[in-house]
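Asker: Dropping the structure in here first, questions after.
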There are 2 protein chains.
Amino acid sequence: MHASPTPAALRQRIRAGEHTGNTSGCAPGFVQCNIVILPEAWANDFLRFCQANPKPCPLIAVAAAPGDPALPPLGDIDIRTDVPRYRLFRNGVFETELGDLSVLWQPDLVTFALGCSFSFEEALIADGLDVRNVSEGVNVPMYRTNLPCTAAGPFAGNMVVSMRPMRAADAIRAVQICTRFPSVHGAPVHLGDPALIGIADINRPDYGDPVTIAADELPVFWACGVTPQVALEQAKPPLAITHSPGCMLVTDLRNSQLAVL
Amino acid sequence: MHASPTPAALRQRIRAGEHTGNTSGCAPGFVQCNIVILPEAWANDFLRFCQANPKPCPLIAVAAAPGDPALPPLGDIDIRTDVPRYRLFRNGVFETELGDLSVLWQPDLVTFALGCSFSFEEALIADGLDVRNVSEGVNVPMYRTNLPCTAAGPFAGNMVVSMRPMRAADAIRAVQICTRFPSVHGAPVHLGDPALIGIADINRPDYGDPVTIAADELPVFWACGVTPQVALEQAKPPLAITHSPGCMLVTDLRNSQLAVL
């Protein structure tokens, strides 16, 4: 039996280009973050957007200054090299994936680290609940909704949600568990009839994969970290960099440290 | 504008026979209790039944000794006179209602005080949620389910639930609020499809009154204090006394004091 690598050891491998894929299941127990990097001129509006929409955009850390690649609260991190794969957007349009940002780093870039569903999924599984996307080994299904975010400058758009089907008693338990973790999307935002939040076909997610929903289950919907990517597409900043989906920043913070009680 | 009477002043009026009706809305902010009184020979099994089924039977206080009509943790109470109306059961069958127990009090009678939904309804309303039975001015609808209680000696039976319809986001908020109050039934036990817990027709409650359910609402179900009455009917003790529905013991305990966090 192998011991899991520490987050620091895993980041060393990522930094050395030895781990370039997704981080699902890596360094269990530790917080993984969604990453958004923006030029300083766009950073303040994005910060306000996150503050106004904490369920889809739960901010865990912001770089201390433009150009600073460190995130000291999260560990010994160089954001230019410590994410396995990045996505580059220009004017809101996806351009390419990258394994390293060193060449194109600019002194005006501001890094944001946001909470991710891996943390609360771990808490649900630890409580004995079935997280369908995990038990079926697929990406969580995600949907665009008609729930509007609060706009901040050019950042706006509707909320994207992820969905995990559960029996009602488990859904109630999931509300209790996730309420303890507001910095990783917190309690679900909806459950039951998908049409009430503008989802036309639960079996055709806008992102990720469909999962099985049993006859005695309700779909349960959480605010999703894809929401800020949709806001970026709408805001069209000249440059924006994010992690590639599933290829997260692995931090030294423990999931249990995010619990508010 | 009248100040609300204190619980002690209200109990004085009840004791004097000046208040004989229901206590809904009386002494707002203070805990009201369901009451069960049993002969000592039956008390231990009933205590175990409550311990094993804390959601439908949340014990708030038990008399210190058989025959003792006081409940010091709840105020200066004489249980023989301080409930507006009682119900007397012999061998599990309802016999009569009474305004006073003084004449038939026995030295072997043990009093149990259980939490009641009035406390959590107050917390939901204070948070801005609509509690339909309150806004429509009717008794809450209650239903027998197929959810079995854990038996203790002769006490057994399925759970009775109360139902309040809510939009999903409000149902999620209600789970959060009620989780803070485990001694007044706690979080809901079910939401969504009533058939999954054995309810054939949501518009025909087994107790109480039907309420309006809007198209965008889910029925949300809480464990209900009628459950111990059903267990009493099954156990058939030679004598059992309860409060009459809605005519509760008003205590000096504040609802906020029941919050576990």
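By order of appearance in the structure tokens: chains A, B, ..., then residues from 1 within every chain, and ligands from 1 in the order shown.
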Check segment 79-141 of chain A with DSSP on the backbone and list each residue it calls strand (DSSP E or B), as a ChimeraX atom specification.
Answerer: /A:86-90,93-98,109-115
Asker: Write a file of the just-selected residues containing N, CA and C atoms, as a tab-separated table (two decimals), in the first residue's frame.
Answerer:
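The result, stored in result18.tsv:
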```tsv
chain	number	residue	atom	x	y	z
A	86	TYR	N	-3.40	24.50	-17.64
A	86	TYR	CA	-4.08	25.81	-17.63
A	86	TYR	C	-4.85	25.98	-18.93
A	87	ARG	N	-5.83	26.89	-18.84
A	87	ARG	CA	-6.55	27.29	-20.07
A	87	ARG	C	-6.38	28.78	-20.26
A	88	LEU	N	-6.06	29.17	-21.46
A	88	LEU	CA	-5.84	30.58	-21.79
A	88	LEU	C	-7.02	31.09	-22.61
A	89	PHE	N	-7.59	32.21	-22.17
A	89	PHE	CA	-8.70	32.85	-22.89
A	89	PHE	C	-8.26	34.24	-23.31
A	90	ARG	N	-8.56	34.64	-24.55
A	90	ARG	CA	-8.34	36.03	-24.97
A	90	ARG	C	-9.68	36.59	-25.42
A	93	VAL	N	-12.58	34.26	-25.27
A	93	VAL	CA	-12.62	33.06	-26.13
A	93	VAL	C	-11.44	32.15	-25.78
A	94	PHE	N	-11.75	30.85	-25.58
A	94	PHE	CA	-10.71	29.87	-25.28
A	94	PHE	C	-9.72	29.82	-26.43
A	95	GLU	N	-8.40	29.89	-26.08
A	95	GLU	CA	-7.40	29.86	-27.14
A	95	GLU	C	-6.59	28.57	-27.11
A	96	THR	N	-6.08	28.20	-25.91
A	96	THR	CA	-5.21	27.03	-25.86
A	96	THR	C	-5.07	26.53	-24.44
A	97	GLU	N	-4.57	25.29	-24.30
A	97	GLU	CA	-4.17	24.77	-23.00
A	97	GLU	C	-2.66	24.86	-22.88
A	98	LEU	N	-2.19	25.04	-21.64
A	98	LEU	CA	-0.77	25.21	-21.37
A	98	LEU	C	-0.40	24.40	-20.14
A	109	LEU	N	-0.64	40.49	-13.46
A	109	LEU	CA	-1.61	39.40	-13.30
A	109	LEU	C	-1.94	39.13	-11.83
A	110	VAL	N	-3.24	39.04	-11.55
A	110	VAL	CA	-3.74	38.80	-10.19
A	110	VAL	C	-4.38	37.42	-10.13
A	111	THR	N	-3.98	36.63	-9.15
A	111	THR	CA	-4.46	35.24	-9.02
A	111	THR	C	-5.56	35.12	-7.97
A	112	PHE	N	-6.60	34.40	-8.33
A	112	PHE	CA	-7.70	34.09	-7.42
A	112	PHE	C	-7.81	32.57	-7.28
A	113	ALA	N	-7.96	32.10	-6.04
A	113	ALA	CA	-8.18	30.67	-5.78
A	113	ALA	C	-9.58	30.51	-5.18
A	114	LEU	N	-10.38	29.66	-5.82
A	114	LEU	CA	-11.77	29.48	-5.38
A	114	LEU	C	-12.01	28.04	-4.94
A	115	GLY	N	-12.93	27.88	-4.01
A	115	GLY	CA	-13.27	26.55	-3.49
A	115	GLY	C	-13.87	25.66	-4.56
```
Asker: For chain A, work out the contacting residues on chain B at 12 Å, counting only C-alpha atoms, and write them as a PyMOL selection string.
Answerer: chain B and resi 147+166-180+186-197+215-222+260-261
Asker: Write a file of the just-selected residues containing C-alpha atoms, as a short mmCIF file (atom, residue, chain, number, x, y, z; two decimals), in the first residue's frame.
Answerer:
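This is the output file again-v3.cif:
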```cif
data_model
loop_
_atom_site.label_atom_id
_atom_site.label_comp_id
_atom_site.auth_asym_id
_atom_site.auth_seq_id
_atom_site.Cartn_x
_atom_site.Cartn_y
_atom_site.Cartn_z
CA LEU B 147 -41.46 4.77 8.26
CA MET B 166 -42.11 25.18 0.32
CA ARG B 167 -40.15 26.14 -2.75
CA ALA B 168 -36.88 24.18 -2.92
CA ALA B 169 -34.63 27.05 -1.82
CA ASP B 170 -36.88 27.63 1.21
CA ALA B 171 -36.90 23.89 1.96
CA ILE B 172 -33.08 23.93 1.97
CA ARG B 173 -33.13 26.95 4.29
CA ALA B 174 -35.67 25.16 6.52
CA VAL B 175 -33.31 22.17 6.82
CA GLN B 176 -30.58 24.55 8.00
CA ILE B 177 -32.83 26.32 10.51
CA CYS B 178 -34.46 23.19 11.94
CA THR B 179 -31.12 21.37 12.26
CA ARG B 180 -30.33 23.85 15.04
CA GLY B 186 -35.05 18.76 14.11
CA ALA B 187 -34.50 18.66 10.35
CA PRO B 188 -37.22 17.34 8.04
CA VAL B 189 -37.30 13.56 7.49
CA HIS B 190 -38.50 13.66 3.88
CA LEU B 191 -39.33 15.99 1.03
CA GLY B 192 -40.79 15.53 -2.41
CA ASP B 193 -42.81 12.48 -3.48
CA PRO B 194 -45.25 11.60 -0.64
CA ALA B 195 -45.74 8.03 -1.98
CA LEU B 196 -42.12 7.21 -1.08
CA ILE B 197 -43.05 7.33 2.62
CA ALA B 215 -47.04 24.12 -8.51
CA ASP B 216 -43.47 25.23 -7.77
CA GLU B 217 -43.46 23.81 -4.23
CA LEU B 218 -42.35 20.54 -2.67
CA PRO B 219 -44.09 19.03 0.34
CA VAL B 220 -41.58 19.01 3.22
CA PHE B 221 -42.19 16.49 6.00
CA TRP B 222 -41.17 16.69 9.67
CA VAL B 260 -27.77 23.63 19.73
CA LEU B 261 -25.68 26.20 17.88
#
```
Asker: If we count only C-alpha atoms, what is near Arg204 of chain A at a cut-off of 9 Å, once residues fewer than 5 positions away on the same chain are taken out, given as a list in words?
Answerer: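 Here the qualifying residues turn out to be Pro141, Tyr143, Asp209 and Pro210 of chain A.
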Asker: Next, dump the selected residues to file, keeping only N, CA and C atoms, as an mmCIF file, in the first residue's frame.
Answerer:
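Wrote it out as selection.cif, contents follow:
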```cif
data_model
loop_
_atom_site.group_PDB
_atom_site.id
_atom_site.type_symbol
_atom_site.label_atom_id
_atom_site.label_comp_id
_atom_site.auth_asym_id
_atom_site.auth_seq_id
_atom_site.Cartn_x
_atom_site.Cartn_y
_atom_site.Cartn_z
ATOM 1 N N PRO A 141 -22.349 15.993 -13.688
ATOM 2 C CA PRO A 141 -23.132 16.729 -14.680
ATOM 3 C C PRO A 141 -23.366 18.169 -14.217
ATOM 4 N N TYR A 143 -25.063 22.150 -15.420
ATOM 5 C CA TYR A 143 -26.138 22.733 -16.225
ATOM 6 C C TYR A 143 -26.127 24.248 -16.086
ATOM 7 N N ASP A 209 -20.824 14.829 -17.575
ATOM 8 C CA ASP A 209 -21.491 13.629 -18.083
ATOM 9 C C ASP A 209 -22.828 13.423 -17.372
ATOM 10 N N PRO A 210 -23.796 12.791 -18.058
ATOM 11 C CA PRO A 210 -25.024 12.420 -17.342
ATOM 12 C C PRO A 210 -24.739 11.307 -16.334
#
```
Asker: List every residue of segment 6-227 of chain B that DSSP, applied to the backbone of this structure, places in alpha helix (DSSP H), and write the result as number ranges by chain.
Answerer: B: 7-15, 40-52, 117-126, 132-135, 168-179, 227
Asker: Output C-alpha atoms of each residue in that selection to a file, as a tab-separated table (two decimals), in the first residue's frame.
Answerer:
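Writing done, so here's again-v4.tsv:
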```
chain	number	residue	atom	x	y	z
B	7	PRO	CA	-45.60	32.08	30.51
B	8	ALA	CA	-46.05	32.11	34.30
B	9	ALA	CA	-48.97	34.55	34.10
B	10	LEU	CA	-50.56	32.48	31.31
B	11	ARG	CA	-50.20	29.30	33.37
B	12	GLN	CA	-51.89	31.08	36.30
B	13	ARG	CA	-54.89	31.82	34.06
B	14	ILE	CA	-54.91	28.22	32.81
B	15	ARG	CA	-54.64	26.92	36.39
B	40	GLU	CA	-44.75	4.05	36.47
B	41	ALA	CA	-44.98	0.44	35.20
B	42	TRP	CA	-45.14	1.78	31.63
B	43	ALA	CA	-42.85	4.76	32.02
B	44	ASN	CA	-39.51	3.09	31.50
B	45	ASP	CA	-40.48	1.53	28.16
B	46	PHE	CA	-41.89	4.85	27.01
B	47	LEU	CA	-38.68	6.60	28.03
B	48	ARG	CA	-36.71	4.10	25.97
B	49	PHE	CA	-39.13	4.60	23.05
B	50	CYS	CA	-38.46	8.36	23.13
B	51	GLN	CA	-34.70	7.82	23.40
B	52	ALA	CA	-34.73	5.51	20.38
B	117	SER	CA	-43.41	22.16	16.20
B	118	PHE	CA	-44.53	25.61	17.41
B	119	SER	CA	-40.87	26.29	18.31
B	120	PHE	CA	-39.42	25.59	14.89
B	121	GLU	CA	-42.35	27.24	13.09
B	122	GLU	CA	-41.49	30.42	14.99
B	123	ALA	CA	-37.86	30.14	13.83
B	124	LEU	CA	-38.95	29.58	10.19
B	125	ILE	CA	-41.31	32.56	10.25
B	126	ALA	CA	-38.65	34.74	11.90
B	132	ARG	CA	-48.54	27.50	5.18
B	133	ASN	CA	-50.69	26.20	8.06
B	134	VAL	CA	-50.00	29.46	9.91
B	135	SER	CA	-50.58	31.76	6.92
B	168	ALA	CA	-36.88	24.18	-2.92
B	169	ALA	CA	-34.63	27.05	-1.82
B	170	ASP	CA	-36.88	27.63	1.21
B	171	ALA	CA	-36.90	23.89	1.96
B	172	ILE	CA	-33.08	23.93	1.97
B	173	ARG	CA	-33.13	26.95	4.29
B	174	ALA	CA	-35.67	25.16	6.52
B	175	VAL	CA	-33.31	22.17	6.82
B	176	GLN	CA	-30.58	24.55	8.00
B	177	ILE	CA	-32.83	26.32	10.51
B	178	CYS	CA	-34.46	23.19	11.94
B	179	THR	CA	-31.12	21.37	12.26
B	227	THR	CA	-46.29	9.67	16.75
```
Asker: For atom CA of Leu38 of chain B and atom CA of Ser183 of chain B, determine how far apart the two atoms are, in Å to one decimal place.
Answerer: 20.9 Å
Asker: Rounded to one decimal, what separation in Å do you get between atom CA of Pro237 of chain B and atom CA of Asp82 of chain B?
Answerer: 23.3 Å
Asker: Residues near Thr145 of chain B, anyone? I mean within 7 Å using only C-alpha atoms, not counting same-chain ones fewer than 3 positions away, as a ChimeraX atom specification.
Answerer: /B:158-160,197-199
Asker: Identify, on the basis of only C-alpha atoms, every residue whose closest approach to Gln234 of chain B does not exceed 9 Å; exclude the query and any residue fewer than 3 positions from it along the same chain; express the result as a count of residues only.
Answerer: 9
Asker: Which residues, written as a tab-separated table (two decimals) with C-alpha atoms, in the first residue's frame, have at least one atom at most 12 Å from Cys116 of chain A, with only C-alpha atoms counted and residues fewer than 2 positions away on the same chain left out?
Answerer:
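Written out: part_39.tsv:
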```
chain	number	residue	atom	x	y	z
A	23	THR	CA	-6.00	15.84	-9.67
A	24	SER	CA	-9.21	14.04	-8.70
A	30	PHE	CA	-6.59	18.46	1.23
A	31	VAL	CA	-8.33	21.39	-0.42
A	32	GLN	CA	-8.08	21.73	-4.19
A	33	CYS	CA	-8.86	25.08	-5.80
A	34	ASN	CA	-10.30	26.50	-8.98
A	35	ILE	CA	-7.94	29.16	-10.35
A	55	LYS	CA	-22.07	30.28	-3.56
A	56	PRO	CA	-20.79	29.82	-7.14
A	57	CYS	CA	-17.60	31.86	-6.55
A	58	PRO	CA	-16.32	31.11	-3.03
A	59	LEU	CA	-13.00	32.93	-2.71
A	60	ILE	CA	-10.42	31.08	-0.64
A	113	ALA	CA	-8.18	30.67	-5.78
A	114	LEU	CA	-11.77	29.48	-5.38
A	118	PHE	CA	-14.02	17.93	-4.35
A	119	SER	CA	-13.96	19.13	-0.72
A	120	PHE	CA	-17.67	18.69	-0.02
A	121	GLU	CA	-17.86	15.46	-2.04
A	122	GLU	CA	-15.23	14.05	0.31
A	162	SER	CA	-23.67	20.68	-10.60
A	181	PHE	CA	-18.56	24.30	4.17
A	182	PRO	CA	-19.62	27.69	2.75
A	183	SER	CA	-16.22	28.18	1.09
A	184	VAL	CA	-16.75	25.17	-1.19
A	185	HIS	CA	-20.20	26.15	-2.53
A	186	GLY	CA	-22.09	25.50	0.71
A	222	TRP	CA	-25.14	22.89	-6.04
A	223	ALA	CA	-23.70	26.21	-7.25
A	224	CYS	CA	-20.76	25.32	-9.50
A	225	GLY	CA	-17.30	26.70	-10.12
A	226	VAL	CA	-17.95	26.82	-13.85
A	227	THR	CA	-20.05	29.94	-13.13
A	243	HIS	CA	-7.06	25.82	-14.49
A	245	PRO	CA	-11.32	21.41	-15.64
A	246	GLY	CA	-10.32	18.74	-13.11
A	247	CYS	CA	-6.67	19.85	-13.10
A	248	MET	CA	-6.72	21.84	-9.88
A	249	LEU	CA	-4.33	23.63	-7.56
A	250	VAL	CA	-3.66	21.20	-4.70
A	251	THR	CA	-3.14	23.14	-1.45
A	255	ASN	CA	-10.79	20.13	3.92
A	258	LEU	CA	-12.88	24.85	5.84
```
Asker: Looking at only C-alpha atoms, which of A:Pro39, A:Gly17, A:Pro54, A:Gly208 is the one that sits closest to Val138 of chain A?
Answerer: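 Closest candidate: A:Gly208.
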Asker: Could you check how far atom CA of Ser102 of chain A sits from atom CA of Leu74 of chain A, in Å to one decimal?
Answerer: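 Pair atom CA of Ser102 of chain A / atom CA of Leu74 of chain A returns 19.9 Å.
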Asker: Out of B:Arg164, B:Ser256, B:Pro238, B:Val103, which residue has the shortest atom-to-atom distance to Ala214 of chain B when counting only C-alpha atoms?
Answerer: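 Using only C-alpha atoms, Ala214 of chain B sits closest to B:Arg164.
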